[in-house]
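To be precise, the following lines are entry29.cif, and they hold mmCIF, C-alpha atoms and all ligand atoms.
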data_coords
loop_
_atom_site.label_atom_id
_atom_site.label_comp_id
_atom_site.auth_asym_id
_atom_site.auth_seq_id
_atom_site.Cartn_x
_atom_site.Cartn_y
_atom_site.Cartn_z
CA MET V 16 25.30 21.04 -1.33
CA ALA V 17 26.17 17.46 -0.32
CA ALA V 18 23.32 15.39 1.07
CA ASN V 19 24.51 15.20 4.68
CA GLU V 20 26.23 18.52 5.23
CA HIS V 21 23.67 19.33 7.93
CA GLN V 22 24.23 16.02 9.71
CA PRO V 23 25.89 16.45 13.15
CA ARG V 24 29.20 14.55 13.39
CA ALA V 25 28.90 12.59 16.66
CA ASP V 26 31.79 11.46 18.81
CA ALA V 27 32.24 7.70 18.34
CA ALA V 28 32.05 7.27 22.14
CA ASP V 29 28.61 9.00 22.41
CA VAL V 30 26.78 6.53 20.21
CA LYS V 31 23.45 5.25 21.65
CA PRO V 32 23.09 1.41 21.78
CA THR V 33 20.15 1.40 19.33
CA THR V 34 22.16 3.43 16.83
CA LEU V 35 25.20 1.24 17.39
CA SER V 36 23.35 -1.99 16.67
CA ARG V 37 21.82 -0.44 13.55
CA ASP V 38 25.27 0.77 12.47
CA LEU V 39 26.84 -2.64 13.04
CA VAL V 40 24.20 -4.20 10.78
CA SER V 41 24.68 -1.48 8.14
CA LEU V 42 28.46 -2.13 8.14
CA THR V 43 27.73 -5.62 6.82
CA LYS V 44 25.72 -4.23 3.79
CA PRO V 45 22.78 -6.61 4.52
CA ARG V 46 20.91 -6.00 1.26
CA ILE V 47 23.89 -7.08 -0.81
CA ILE V 48 24.39 -10.12 1.44
CA SER V 49 20.79 -11.21 0.83
CA LEU V 50 21.71 -11.93 -2.82
CA LEU V 51 25.12 -13.39 -1.89
CA LEU V 52 23.23 -15.86 0.31
CA VAL V 53 20.91 -16.81 -2.56
CA THR V 54 24.00 -17.62 -4.67
CA THR V 55 25.38 -19.65 -1.75
CA VAL V 56 22.30 -21.63 -0.70
CA MET V 57 20.76 -22.43 -4.11
CA PRO V 58 23.94 -24.24 -5.25
CA MET V 59 23.67 -26.33 -2.07
CA TYR V 60 20.33 -27.70 -3.30
CA ALA V 61 21.70 -28.05 -6.84
CA ALA V 62 24.64 -30.07 -5.49
CA GLY V 63 22.68 -32.46 -3.26
CA SER V 64 20.21 -32.67 -0.38
CA PRO V 65 21.67 -30.67 2.52
CA THR V 66 20.26 -30.97 6.05
CA TRP V 67 18.61 -27.81 7.44
CA ILE V 68 21.38 -27.50 10.03
CA THR V 69 24.08 -27.39 7.31
CA VAL V 70 22.07 -24.75 5.44
CA LEU V 71 21.70 -22.70 8.64
CA LEU V 72 25.42 -22.97 9.47
CA VAL V 73 26.43 -21.93 5.95
CA MET V 74 24.00 -18.98 6.03
CA VAL V 75 25.27 -17.72 9.39
CA GLY V 76 28.93 -18.35 8.50
CA GLY V 77 28.45 -16.85 5.03
CA TYR V 78 26.74 -13.76 6.48
CA LEU V 79 29.53 -13.24 8.99
CA MET V 80 32.28 -13.68 6.35
CA ALA V 81 30.69 -11.39 3.75
CA GLY V 82 29.58 -8.96 6.48
CA GLY V 83 33.13 -8.89 7.88
CA ALA V 84 34.50 -8.27 4.37
CA ASN V 85 32.04 -5.42 3.86
CA ALA V 86 32.97 -3.83 7.20
CA VAL V 87 36.71 -4.00 6.39
CA ASN V 88 35.85 -2.52 2.96
CA MET V 89 34.21 0.43 4.76
CA TYR V 90 37.32 0.80 6.95
CA LEU V 91 39.69 0.87 3.95
CA ASP V 92 37.38 3.08 1.85
CA ARG V 93 36.55 5.60 4.60
CA ASP V 94 38.23 8.45 2.68
CA ILE V 95 36.34 7.91 -0.57
CA ASP V 96 33.07 7.02 1.20
CA ASP V 97 33.27 10.51 2.74
CA VAL V 98 33.17 12.24 -0.65
CA MET V 99 30.52 10.15 -2.42
CA ALA V 100 26.85 11.17 -1.90
CA ARG V 101 25.80 7.49 -1.95
CA THR V 102 28.13 6.52 0.92
CA ARG V 103 28.52 9.70 3.03
CA LEU V 104 26.02 8.61 5.68
CA ARG V 105 27.87 5.38 6.51
CA PRO V 106 29.00 4.97 10.15
CA ILE V 107 32.63 6.14 9.66
CA PRO V 108 32.18 9.17 7.34
CA SER V 109 29.25 10.41 9.41
CA GLY V 110 31.41 10.17 12.54
CA ARG V 111 29.22 7.69 14.44
CA MET V 112 31.94 5.02 14.63
CA ALA V 113 35.72 5.17 14.88
CA PRO V 114 37.63 3.46 12.03
CA ILE V 115 39.43 1.10 14.41
CA GLN V 116 36.09 -0.11 15.83
CA VAL V 117 34.89 -0.92 12.33
CA LEU V 118 38.12 -2.77 11.48
CA ALA V 119 37.93 -4.79 14.71
CA PHE V 120 34.28 -5.68 14.05
CA GLY V 121 35.04 -6.81 10.49
CA VAL V 122 38.03 -8.94 11.48
CA ALA V 123 36.08 -10.48 14.40
CA CYS V 124 33.17 -11.44 12.11
CA ALA V 125 35.53 -13.02 9.55
CA THR V 126 37.47 -14.92 12.23
CA LEU V 127 34.27 -16.31 13.76
CA ALA V 128 33.00 -17.26 10.30
CA THR V 129 36.21 -19.10 9.37
CA TRP V 130 36.09 -21.11 12.57
CA MET V 131 32.35 -21.86 12.29
CA LEU V 132 32.52 -23.02 8.68
CA ALA V 133 35.76 -25.01 9.01
CA TYR V 134 34.77 -26.70 12.29
CA PHE V 135 31.04 -27.36 11.80
CA VAL V 136 30.84 -27.73 7.99
CA ASN V 137 34.21 -28.64 6.49
CA VAL V 138 37.68 -27.14 6.09
CA LEU V 139 37.36 -26.56 2.32
CA THR V 140 34.18 -24.50 2.89
CA GLY V 141 35.92 -22.35 5.52
CA MET V 142 38.97 -21.86 3.29
CA LEU V 143 36.90 -20.89 0.23
CA ALA V 144 34.89 -18.35 2.22
CA LEU V 145 38.11 -16.93 3.66
CA ALA V 146 39.58 -16.73 0.15
CA GLY V 147 36.50 -14.69 -0.88
CA PHE V 148 37.13 -12.36 2.08
CA TYR V 149 40.82 -11.86 1.18
CA PHE V 150 40.02 -11.39 -2.51
CA TYR V 151 37.44 -8.70 -1.78
CA VAL V 152 39.50 -6.90 0.86
CA PHE V 153 42.97 -7.01 -0.70
CA ILE V 154 42.63 -7.62 -4.45
CA TYR V 155 39.47 -5.52 -5.04
CA THR V 156 39.27 -2.90 -2.29
CA ARG V 157 42.91 -2.33 -1.43
CA TRP V 158 44.43 -2.68 -4.87
CA LEU V 159 42.32 -2.72 -8.06
CA LYS V 160 39.38 -0.48 -7.07
CA ARG V 161 41.61 2.60 -7.10
CA SER V 162 44.04 1.60 -9.83
CA SER V 163 42.27 0.07 -12.84
CA PRO V 164 38.96 0.15 -14.74
CA GLN V 165 39.27 -3.67 -14.69
CA ASN V 166 38.75 -3.41 -10.89
CA ILE V 167 35.31 -4.97 -10.88
CA VAL V 168 36.15 -7.61 -13.49
CA ILE V 169 39.16 -9.14 -11.75
CA GLY V 170 38.22 -7.99 -8.23
CA GLY V 171 34.63 -9.02 -8.92
CA ALA V 172 35.78 -12.63 -8.67
CA ALA V 173 35.34 -12.16 -4.90
CA GLY V 174 31.57 -12.03 -5.38
CA ALA V 175 31.73 -15.30 -7.33
CA PHE V 176 33.06 -17.31 -4.37
CA PRO V 177 29.68 -17.91 -2.65
CA PRO V 178 28.53 -20.66 -5.10
CA LEU V 179 31.84 -22.46 -4.46
CA VAL V 180 31.24 -22.16 -0.71
CA GLY V 181 27.73 -23.64 -1.01
CA TRP V 182 28.87 -26.43 -3.33
CA ALA V 183 31.81 -27.43 -1.11
CA ALA V 184 29.58 -27.40 1.99
CA VAL V 185 27.42 -30.18 0.51
CA THR V 186 29.89 -32.21 -1.56
CA GLY V 187 33.17 -31.58 0.31
CA THR V 188 34.78 -30.89 -3.08
CA LEU V 189 34.50 -28.78 -6.25
CA ASP V 190 33.72 -29.90 -9.78
CA VAL V 191 33.09 -28.47 -13.23
CA THR V 192 29.49 -27.40 -12.41
CA ALA V 193 30.73 -25.48 -9.36
CA LEU V 194 33.32 -23.78 -11.59
CA LEU V 195 30.57 -22.82 -14.06
CA LEU V 196 28.49 -21.26 -11.28
CA PHE V 197 31.58 -19.24 -10.30
CA LEU V 198 31.97 -18.08 -13.93
CA ILE V 199 28.28 -17.17 -14.19
CA VAL V 200 28.55 -14.72 -11.27
CA PHE V 201 31.94 -13.54 -12.60
CA TYR V 202 30.46 -12.57 -16.01
CA TRP V 203 27.26 -11.21 -14.43
CA THR V 204 29.15 -8.64 -12.35
CA PRO V 205 30.16 -6.20 -15.17
CA PRO V 206 26.62 -5.64 -16.55
CA HIS V 207 25.33 -5.46 -12.93
CA PHE V 208 27.85 -2.92 -11.75
CA TRP V 209 28.62 -0.87 -14.88
CA ALA V 210 24.88 -0.08 -15.26
CA LEU V 211 25.14 1.59 -11.84
CA ALA V 212 28.59 3.07 -12.54
CA LEU V 213 27.18 4.80 -15.66
CA LEU V 214 24.66 6.50 -13.39
CA LYS V 215 27.09 7.36 -10.58
CA GLN V 216 29.92 8.91 -12.60
CA VAL V 217 29.88 12.19 -10.66
CA ASP V 218 30.40 10.33 -7.37
CA TYR V 219 33.21 8.16 -8.72
CA GLY V 220 34.85 11.14 -10.44
CA ARG V 221 34.81 13.13 -7.19
CA ALA V 222 36.37 10.17 -5.35
CA ARG V 223 38.91 9.65 -8.20
CA VAL V 224 37.94 5.97 -8.53
CA PRO V 225 38.78 4.86 -12.11
CA MET V 226 35.47 3.14 -12.91
CA ALA V 227 35.04 2.07 -16.54
CA PRO V 228 32.69 4.87 -17.78
CA LEU V 229 35.15 7.54 -16.58
CA VAL V 230 38.20 5.87 -18.16
CA TRP V 231 36.82 4.23 -21.31
CA GLY V 232 33.83 6.51 -21.84
CA GLU V 233 30.12 5.70 -21.72
CA ARG V 234 29.78 4.11 -25.16
CA GLU V 235 32.73 1.70 -24.72
CA THR V 236 31.42 0.66 -21.27
CA MET V 237 28.02 -0.09 -22.84
CA HIS V 238 29.70 -2.17 -25.57
CA GLN V 239 31.61 -4.11 -22.92
CA MET V 240 28.33 -4.73 -21.04
CA VAL V 241 26.87 -6.24 -24.21
CA TRP V 242 29.88 -8.57 -24.67
CA TYR V 243 29.88 -9.70 -21.04
CA THR V 244 26.13 -10.37 -21.24
CA ILE V 245 26.55 -12.49 -24.41
CA ILE V 246 29.24 -14.59 -22.69
CA LEU V 247 27.07 -14.79 -19.56
CA LEU V 248 24.10 -16.14 -21.51
CA ALA V 249 26.28 -18.75 -23.22
CA LEU V 250 27.72 -19.82 -19.86
CA THR V 251 24.26 -20.17 -18.30
CA LEU V 252 23.32 -22.68 -21.02
CA LEU V 253 26.52 -24.74 -20.82
CA PRO V 254 25.43 -26.83 -17.82
CA VAL V 255 22.31 -27.87 -19.79
CA LEU V 256 24.47 -29.13 -22.67
CA TYR V 257 26.29 -31.64 -20.49
CA GLY V 258 23.18 -32.60 -18.54
CA ALA V 259 23.79 -30.90 -15.18
CA PHE V 260 20.39 -29.15 -15.39
CA GLY V 261 17.21 -29.94 -17.32
CA LEU V 262 14.39 -28.28 -19.25
CA PHE V 263 13.00 -26.10 -16.44
CA TYR V 264 16.37 -24.47 -15.87
CA ALA V 265 17.06 -24.19 -19.62
CA LEU V 266 13.79 -22.34 -20.29
CA SER V 267 14.29 -20.10 -17.25
CA ALA V 268 17.85 -19.24 -18.30
CA ILE V 269 16.71 -18.39 -21.84
CA VAL V 270 13.79 -16.16 -20.78
CA LEU V 271 15.68 -14.43 -17.94
CA GLY V 272 18.76 -14.01 -20.15
CA ALA V 273 16.79 -12.62 -23.09
CA LEU V 274 15.33 -9.94 -20.80
CA LEU V 275 18.79 -9.00 -19.51
CA MET V 276 20.20 -8.87 -23.03
CA GLY V 277 17.23 -6.74 -24.15
CA GLY V 278 17.87 -4.29 -21.30
CA VAL V 279 21.61 -3.97 -21.96
CA TRP V 280 20.92 -3.57 -25.69
CA ARG V 281 18.34 -0.81 -24.99
CA VAL V 282 20.98 1.17 -23.04
CA LEU V 283 23.41 1.01 -25.99
CA GLN V 284 20.75 1.78 -28.60
CA ALA V 285 19.44 4.78 -26.65
CA ALA V 286 22.98 6.17 -26.37
CA ARG V 287 23.63 5.56 -30.09
CA GLN V 288 20.45 7.46 -31.01
CA GLY V 289 21.23 10.32 -28.64
CA ALA V 290 18.12 9.41 -26.60
CA PRO V 291 18.06 9.34 -22.75
CA TRP V 292 19.70 6.10 -21.54
CA THR V 293 19.55 6.60 -17.76
CA GLY V 294 16.10 4.98 -17.47
CA PRO V 295 17.21 1.79 -19.28
CA ALA V 296 20.46 1.76 -17.22
CA TRP V 297 18.46 1.87 -13.96
CA TRP V 298 16.32 -0.95 -15.30
CA VAL V 299 19.41 -3.08 -16.07
CA TYR V 300 20.89 -2.45 -12.59
CA LYS V 301 17.63 -3.38 -10.82
CA TYR V 302 16.81 -6.28 -13.13
CA SER V 303 20.35 -7.71 -12.81
CA LEU V 304 19.57 -8.39 -9.13
CA LEU V 305 16.31 -10.18 -9.91
CA TYR V 306 17.98 -12.03 -12.79
CA LEU V 307 20.70 -13.59 -10.64
CA ALA V 308 18.31 -14.52 -7.84
CA LEU V 309 15.81 -16.18 -10.21
CA LEU V 310 18.52 -17.94 -12.25
CA PHE V 311 19.96 -19.55 -9.11
CA LEU V 312 16.47 -20.37 -7.81
CA ALA V 313 15.73 -22.06 -11.14
CA MET V 314 18.81 -24.30 -10.68
CA ALA V 315 17.56 -25.54 -7.31
CA ILE V 316 13.96 -26.03 -8.55
CA ASP V 317 15.21 -27.88 -11.62
CA ARG V 318 17.18 -30.33 -9.49
CA ALA V 319 14.23 -30.80 -7.11
CA ILE V 320 11.97 -31.65 -10.08
CA THR V 321 14.39 -34.06 -11.75
CA ARG V 322 15.84 -35.72 -8.63
C1 LIG G 1 32.99 -6.13 -7.79
C2 LIG G 1 31.75 -6.57 -7.75
C3 LIG G 1 30.58 -5.67 -7.37
C4 LIG G 1 30.52 -4.33 -7.26
C5 LIG G 1 31.62 -3.30 -7.49
C6 LIG G 1 29.17 -4.00 -6.84
C7 LIG G 1 28.74 -2.72 -6.57
C8 LIG G 1 27.49 -2.41 -6.12
C9 LIG G 1 27.09 -1.09 -5.70
C10 LIG G 1 28.00 0.13 -5.67
C11 LIG G 1 25.80 -1.16 -5.34
C12 LIG G 1 24.93 -0.03 -4.80
C13 LIG G 1 24.89 -0.18 -3.31
C14 LIG G 1 24.37 1.04 -2.64
O1 LIG G 1 23.44 1.68 -3.14
O2 LIG G 1 24.92 1.35 -1.57
C15 LIG G 1 25.37 -2.52 -5.51
C16 LIG G 1 24.11 -2.99 -5.21
C17 LIG G 1 23.83 -4.31 -5.05
N1 LIG G 1 24.66 -5.37 -5.31
FE1 LIG G 1 26.47 -5.26 -6.21
N2 LIG G 1 28.44 -5.14 -6.70
C18 LIG G 1 29.27 -6.18 -7.00
C19 LIG G 1 28.96 -7.51 -6.94
C20 LIG G 1 27.80 -7.99 -6.38
C21 LIG G 1 27.55 -9.38 -6.11
C22 LIG G 1 28.51 -10.53 -6.43
C23 LIG G 1 26.31 -9.45 -5.56
C24 LIG G 1 25.55 -10.66 -5.10
C25 LIG G 1 25.61 -11.81 -5.70
C26 LIG G 1 25.78 -8.10 -5.48
C27 LIG G 1 24.55 -7.77 -4.99
C28 LIG G 1 24.03 -6.51 -4.92
C29 LIG G 1 22.71 -6.18 -4.40
C30 LIG G 1 21.66 -7.17 -3.87
C31 LIG G 1 22.57 -4.80 -4.50
C32 LIG G 1 21.35 -3.96 -4.12
C33 LIG G 1 21.56 -3.38 -2.76
C34 LIG G 1 20.44 -2.46 -2.36
O3 LIG G 1 19.36 -2.51 -2.94
O4 LIG G 1 20.67 -1.67 -1.44
N3 LIG G 1 26.72 -7.25 -6.00
N4 LIG G 1 26.41 -3.26 -5.99
C1 LIG G 2 32.67 -15.71 0.16
C2 LIG G 2 32.77 -14.27 0.45
C3 LIG G 2 32.84 -13.86 1.86
C4 LIG G 2 32.84 -13.39 -0.56
C5 LIG G 2 32.83 -11.91 -0.38
C6 LIG G 2 31.86 -11.37 -1.35
C7 LIG G 2 31.57 -9.92 -1.20
C8 LIG G 2 31.62 -9.26 0.13
C9 LIG G 2 31.18 -9.30 -2.31
C10 LIG G 2 30.79 -7.90 -2.31
C11 LIG G 2 30.72 -7.36 -3.71
C12 LIG G 2 30.43 -5.89 -3.63
C13 LIG G 2 29.17 -5.45 -3.03
C14 LIG G 2 31.28 -5.00 -4.04
C15 LIG G 2 31.02 -3.52 -3.92
O1 LIG G 2 32.09 -2.95 -3.26
P1 LIG G 2 32.35 -1.41 -3.41
O2 LIG G 2 33.47 -1.04 -2.48
O3 LIG G 2 32.55 -1.04 -4.83
O4 LIG G 2 30.96 -0.79 -2.92
P2 LIG G 2 30.68 0.53 -2.08
O5 LIG G 2 31.18 1.68 -2.91
O6 LIG G 2 29.18 0.52 -1.91
O7 LIG G 2 31.42 0.39 -0.77
#
Render the structure in this file as structure tokens.
Ligand code: HEM
Ligand SMILES: CC(C)=CCC/C(C)=C/CC/C(C)=C/COP(=O)(O)OP(=O)(O)O
Amino acid sequence: MAANEHQPRADAADVKPTTLSRDLVSLTKPRIISLLLVTTVMPMYAAGSPTWITVLLVMVGGYLMAGGANAVNMYLDRDIDDVMARTRLRPIPSGRMAPIQVLAFGVACATLATWMLAYFVNVLTGMLALAGFYFYVFIYTRWLKRSSPQNIVIGGAAGAFPPLVGWAAVTGTLDVTALLLFLIVFYWTPPHFWALALLKQVDYGRARVPMAPLVWGERETMHQMVWYTIILLALTLLPVLYGAFGLFYALSAIVLGALLMGGVWRVLQAARQGAPWTGPAWWVYKYSLLYLALLFLAMAIDRAITR
């Protein structure tokens, strides 16, 4: 029996204020945004010495833009969220909010964010954040998520916009280091998400979402995770080669990267030997979050040490 079959389906109009405010926050997917903000703010310190007010504006604007994107994602995905155990208790499928309310909230957040970032920070920052919103809503959610196992590779580029936003907020422009930070998040996304997708195949199968393990099979997905991780590790060391970051970052990237590679390799080896691989896959999913946060923190610390 599905997890929330005993949950009462409330009328959207009957929602208590406390529940409504909690639902509005949950529409923004705050835990995911916490890491998006790390990948926005750390590049600001890697790019220069931002004032605290710029950092605050970028954090609020970035939260509103990503939160708006996540709310519109929940509006567009309300049918599949209703059939997946992981997402069935969200405000729309559980009947606590009407779809149109969620859409209006998401669009309002994104509009406010565009104005805040463009007016108080700079136009490029506002435009880049808005591009991330459009990429996530239209390219990933509306198009690729339901049509191709490459959904999270190409669509995943949306999640790589935050470092560009942070960089542009401090420098007013983009350069090759900013592009590398974009590519690092881009190549990080497949091992991050496919580790989870391997574990959630029943959900995605029920929702008919063509995630890689269901289309390519488990073993091929694991091979792809290994390749993306190898490219990711190479990319993380590139900025050291041309002097953008120093020894502290280099050592951090090597140690953190070796642990990620070890985890991804353990998943593949366990599957090859017919041993249980779900434990190692959970480890890779969880560790991928810590990996990205610490890698970006190391960039900022490195620049603080060498500046
Ligand atoms: C297409 C790209 C991505 C996909 C498909 C994806 C998918 C997911 C999914 C399905 C979850 C589980 C959430 C849940 O349990 O409700 C998750 C967790 C998470 N993701 Fe991603 N993700 C992507 C990119 C990113 C990016 C770019 C970041 C931040 C830089 C990120 C940060 C997180 C965090 C922090 C969690 C843990 C949330 C929690 O503990 O509740 N993800 N991701
Ligand atoms: C600059 C800017 C605003 C960028 C936007 C970045 C952004 C919102 C990235 C989110 C990435 C993500 C969590 C995808 C999961 O969607 P999903 O639909 O697969 O997850 P779900 O099944 O949990 O809904």
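With distances restricted to only C-alpha atoms, V:Phe197 is the closest residue to Ala175 of chain V from V:Leu91, V:Trp209, V:Phe197, V:Ala290.
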- With all atoms listed in the file counted, collect every polymer residue having an atom within 6 Å of ligand LIG 1 (chain G); state the result as a ChimeraX atom specification. /V:46-47,50-51,167,170-171,174-175,204,208,304
- Could you please give me, as number ranges by chain, the residues of protein, DNA or RNA lying at most 12 Å from (22.4, 0.2, 12.6) in the coordinate frame of the file, considering all atoms listed in the file? V: 30-45, 104-106, 111-112
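Restricting the calculation to all atoms listed in the file, the smallest distance between Lys301 of chain V and any of V:Pro206, V:Gly181, V:Gly289, V:Pro228 is found for V:Pro206.
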Taking all atoms listed in the file into account, which residues are within 8 Å of ligand LIG 2 (chain G), as a tab-separated table (two decimals) with C-alpha atoms, in the frame of the given file?
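To be explicit, this is the file written out as selection37.tsv:
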chain	number	residue	atom	x	y	z
V	44	LYS	CA	25.72	-4.23	3.79
V	47	ILE	CA	23.89	-7.08	-0.81
V	48	ILE	CA	24.39	-10.12	1.44
V	51	LEU	CA	25.12	-13.39	-1.89
V	77	GLY	CA	28.45	-16.85	5.03
V	78	TYR	CA	26.74	-13.76	6.48
V	79	LEU	CA	29.53	-13.24	8.99
V	80	MET	CA	32.28	-13.68	6.35
V	81	ALA	CA	30.69	-11.39	3.75
V	82	GLY	CA	29.58	-8.96	6.48
V	83	GLY	CA	33.13	-8.89	7.88
V	84	ALA	CA	34.50	-8.27	4.37
V	85	ASN	CA	32.04	-5.42	3.86
V	88	ASN	CA	35.85	-2.52	2.96
V	89	MET	CA	34.21	0.43	4.76
V	92	ASP	CA	37.38	3.08	1.85
V	96	ASP	CA	33.07	7.02	1.20
V	101	ARG	CA	25.80	7.49	-1.95
V	102	THR	CA	28.13	6.52	0.92
V	143	LEU	CA	36.90	-20.89	0.23
V	144	ALA	CA	34.89	-18.35	2.22
V	145	LEU	CA	38.11	-16.93	3.66
V	146	ALA	CA	39.58	-16.73	0.15
V	147	GLY	CA	36.50	-14.69	-0.88
V	148	PHE	CA	37.13	-12.36	2.08
V	150	PHE	CA	40.02	-11.39	-2.51
V	151	TYR	CA	37.44	-8.70	-1.78
V	155	TYR	CA	39.47	-5.52	-5.04
V	156	THR	CA	39.27	-2.90	-2.29
V	160	LYS	CA	39.38	-0.48	-7.07
V	167	ILE	CA	35.31	-4.97	-10.88
V	171	GLY	CA	34.63	-9.02	-8.92
V	173	ALA	CA	35.34	-12.16	-4.90
V	174	GLY	CA	31.57	-12.03	-5.38
V	175	ALA	CA	31.73	-15.30	-7.33
V	176	PHE	CA	33.06	-17.31	-4.37
V	177	PRO	CA	29.68	-17.91	-2.65
V	180	VAL	CA	31.24	-22.16	-0.71
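For the atom pair formed by atom CA of Leu283 of chain V and atom CA of Tyr302 of chain V, the distance is 16.2 Å, given to one decimal.
The nearest approach to Ala86 of chain V among the residues V:Leu72, V:Leu247, V:Leu118, V:Ala296, with all atoms listed in the file taken into account, belongs to V:Leu118.
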- Message: Using only C-alpha atoms, list the residues that have an atom at most 12 Å from (34.7, -3.5, -19.0), coordinates as in the file, as a PyMOL selection string.
- Response: chain V and resi 163-169+171+202-210+212-213+225-244
Go ahead and save the picked residues with C-alpha atoms, as a PDB file, in the frame of the given file.
ATOM      1  CA  SER V 163      42.270   0.070 -12.840  1.00  0.00           C
ATOM      2  CA  PRO V 164      38.960   0.150 -14.740  1.00  0.00           C
ATOM      3  CA  GLN V 165      39.270  -3.670 -14.690  1.00  0.00           C
ATOM      4  CA  ASN V 166      38.750  -3.410 -10.890  1.00  0.00           C
ATOM      5  CA  ILE V 167      35.310  -4.970 -10.880  1.00  0.00           C
ATOM      6  CA  VAL V 168      36.150  -7.610 -13.490  1.00  0.00           C
ATOM      7  CA  ILE V 169      39.160  -9.140 -11.750  1.00  0.00           C
ATOM      8  CA  GLY V 171      34.630  -9.020  -8.920  1.00  0.00           C
ATOM      9  CA  TYR V 202      30.460 -12.570 -16.010  1.00  0.00           C
ATOM     10  CA  TRP V 203      27.260 -11.210 -14.430  1.00  0.00           C
ATOM     11  CA  THR V 204      29.150  -8.640 -12.350  1.00  0.00           C
ATOM     12  CA  PRO V 205      30.160  -6.200 -15.170  1.00  0.00           C
ATOM     13  CA  PRO V 206      26.620  -5.640 -16.550  1.00  0.00           C
ATOM     14  CA  HIS V 207      25.330  -5.460 -12.930  1.00  0.00           C
ATOM     15  CA  PHE V 208      27.850  -2.920 -11.750  1.00  0.00           C
ATOM     16  CA  TRP V 209      28.620  -0.870 -14.880  1.00  0.00           C
ATOM     17  CA  ALA V 210      24.880  -0.080 -15.260  1.00  0.00           C
ATOM     18  CA  ALA V 212      28.590   3.070 -12.540  1.00  0.00           C
ATOM     19  CA  LEU V 213      27.180   4.800 -15.660  1.00  0.00           C
ATOM     20  CA  PRO V 225      38.780   4.860 -12.110  1.00  0.00           C
ATOM     21  CA  MET V 226      35.470   3.140 -12.910  1.00  0.00           C
ATOM     22  CA  ALA V 227      35.040   2.070 -16.540  1.00  0.00           C
ATOM     23  CA  PRO V 228      32.690   4.870 -17.780  1.00  0.00           C
ATOM     24  CA  LEU V 229      35.150   7.540 -16.580  1.00  0.00           C
ATOM     25  CA  VAL V 230      38.200   5.870 -18.160  1.00  0.00           C
ATOM     26  CA  TRP V 231      36.820   4.230 -21.310  1.00  0.00           C
ATOM     27  CA  GLY V 232      33.830   6.510 -21.840  1.00  0.00           C
ATOM     28  CA  GLU V 233      30.120   5.700 -21.720  1.00  0.00           C
ATOM     29  CA  ARG V 234      29.780   4.110 -25.160  1.00  0.00           C
ATOM     30  CA  GLU V 235      32.730   1.700 -24.720  1.00  0.00           C
ATOM     31  CA  THR V 236      31.420   0.660 -21.270  1.00  0.00           C
ATOM     32  CA  MET V 237      28.020  -0.090 -22.840  1.00  0.00           C
ATOM     33  CA  HIS V 238      29.700  -2.170 -25.570  1.00  0.00           C
ATOM     34  CA  GLN V 239      31.610  -4.110 -22.920  1.00  0.00           C
ATOM     35  CA  MET V 240      28.330  -4.730 -21.040  1.00  0.00           C
ATOM     36  CA  VAL V 241      26.870  -6.240 -24.210  1.00  0.00           C
ATOM     37  CA  TRP V 242      29.880  -8.570 -24.670  1.00  0.00           C
ATOM     38  CA  TYR V 243      29.880  -9.700 -21.040  1.00  0.00           C
ATOM     39  CA  THR V 244      26.130 -10.370 -21.240  1.00  0.00           C
TER      40      THR V 244
END
What's the 10 Å shell around Arg221 of chain V, counting only C-alpha atoms, without same-chain residues fewer than 3 positions away, as a PDB file with C-alpha atoms, keeping the file's coordinate frame?
ATOM      1  CA  ILE V  95      36.340   7.910  -0.570  1.00  0.00           C
ATOM      2  CA  VAL V  98      33.170  12.240  -0.650  1.00  0.00           C
ATOM      3  CA  MET V  99      30.520  10.150  -2.420  1.00  0.00           C
ATOM      4  CA  ALA V 100      26.850  11.170  -1.900  1.00  0.00           C
ATOM      5  CA  GLN V 216      29.920   8.910 -12.600  1.00  0.00           C
ATOM      6  CA  VAL V 217      29.880  12.190 -10.660  1.00  0.00           C
ATOM      7  CA  ASP V 218      30.400  10.330  -7.370  1.00  0.00           C
ATOM      8  CA  VAL V 224      37.940   5.970  -8.530  1.00  0.00           C
TER       9      VAL V 224
END
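Atom pair atom CA of Asn137 of chain V / atom CA of Ala183 of chain V has a distance of 8.1 Å (rounded to one decimal).
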- If you measure from atom CA of Phe153 of chain V to atom CA of Gly110 of chain V, what distance in Å do you get, rounded to one decimal? 24.6 Å
- Which one of V:Val117, V:Val73, V:Ala315, V:Leu179 sits closest to Trp130 of chain V if you count all atoms listed in the file? V:Val73
- Task: Quick one: everything within 8 Å of Trp292 of chain V, counting all atoms listed in the file, minus sequence neighbours fewer than 5 positions away in the same chain. Send it as an MDAnalysis selection string.
- Result: chainID V and resid 281:283 285:286
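Of the residues under consideration (V:Leu196, V:Ala308, V:Leu189, V:Ile107), V:Ile107 shows the shortest atom-to-atom contact distance to Arg93 of chain V when counting all atoms listed in the file.
Here the question is which of V:Ala133, V:Ile154, V:Val191, V:Leu198 gets nearest to Gly258 of chain V using only C-alpha atoms, and that residue is V:Val191.
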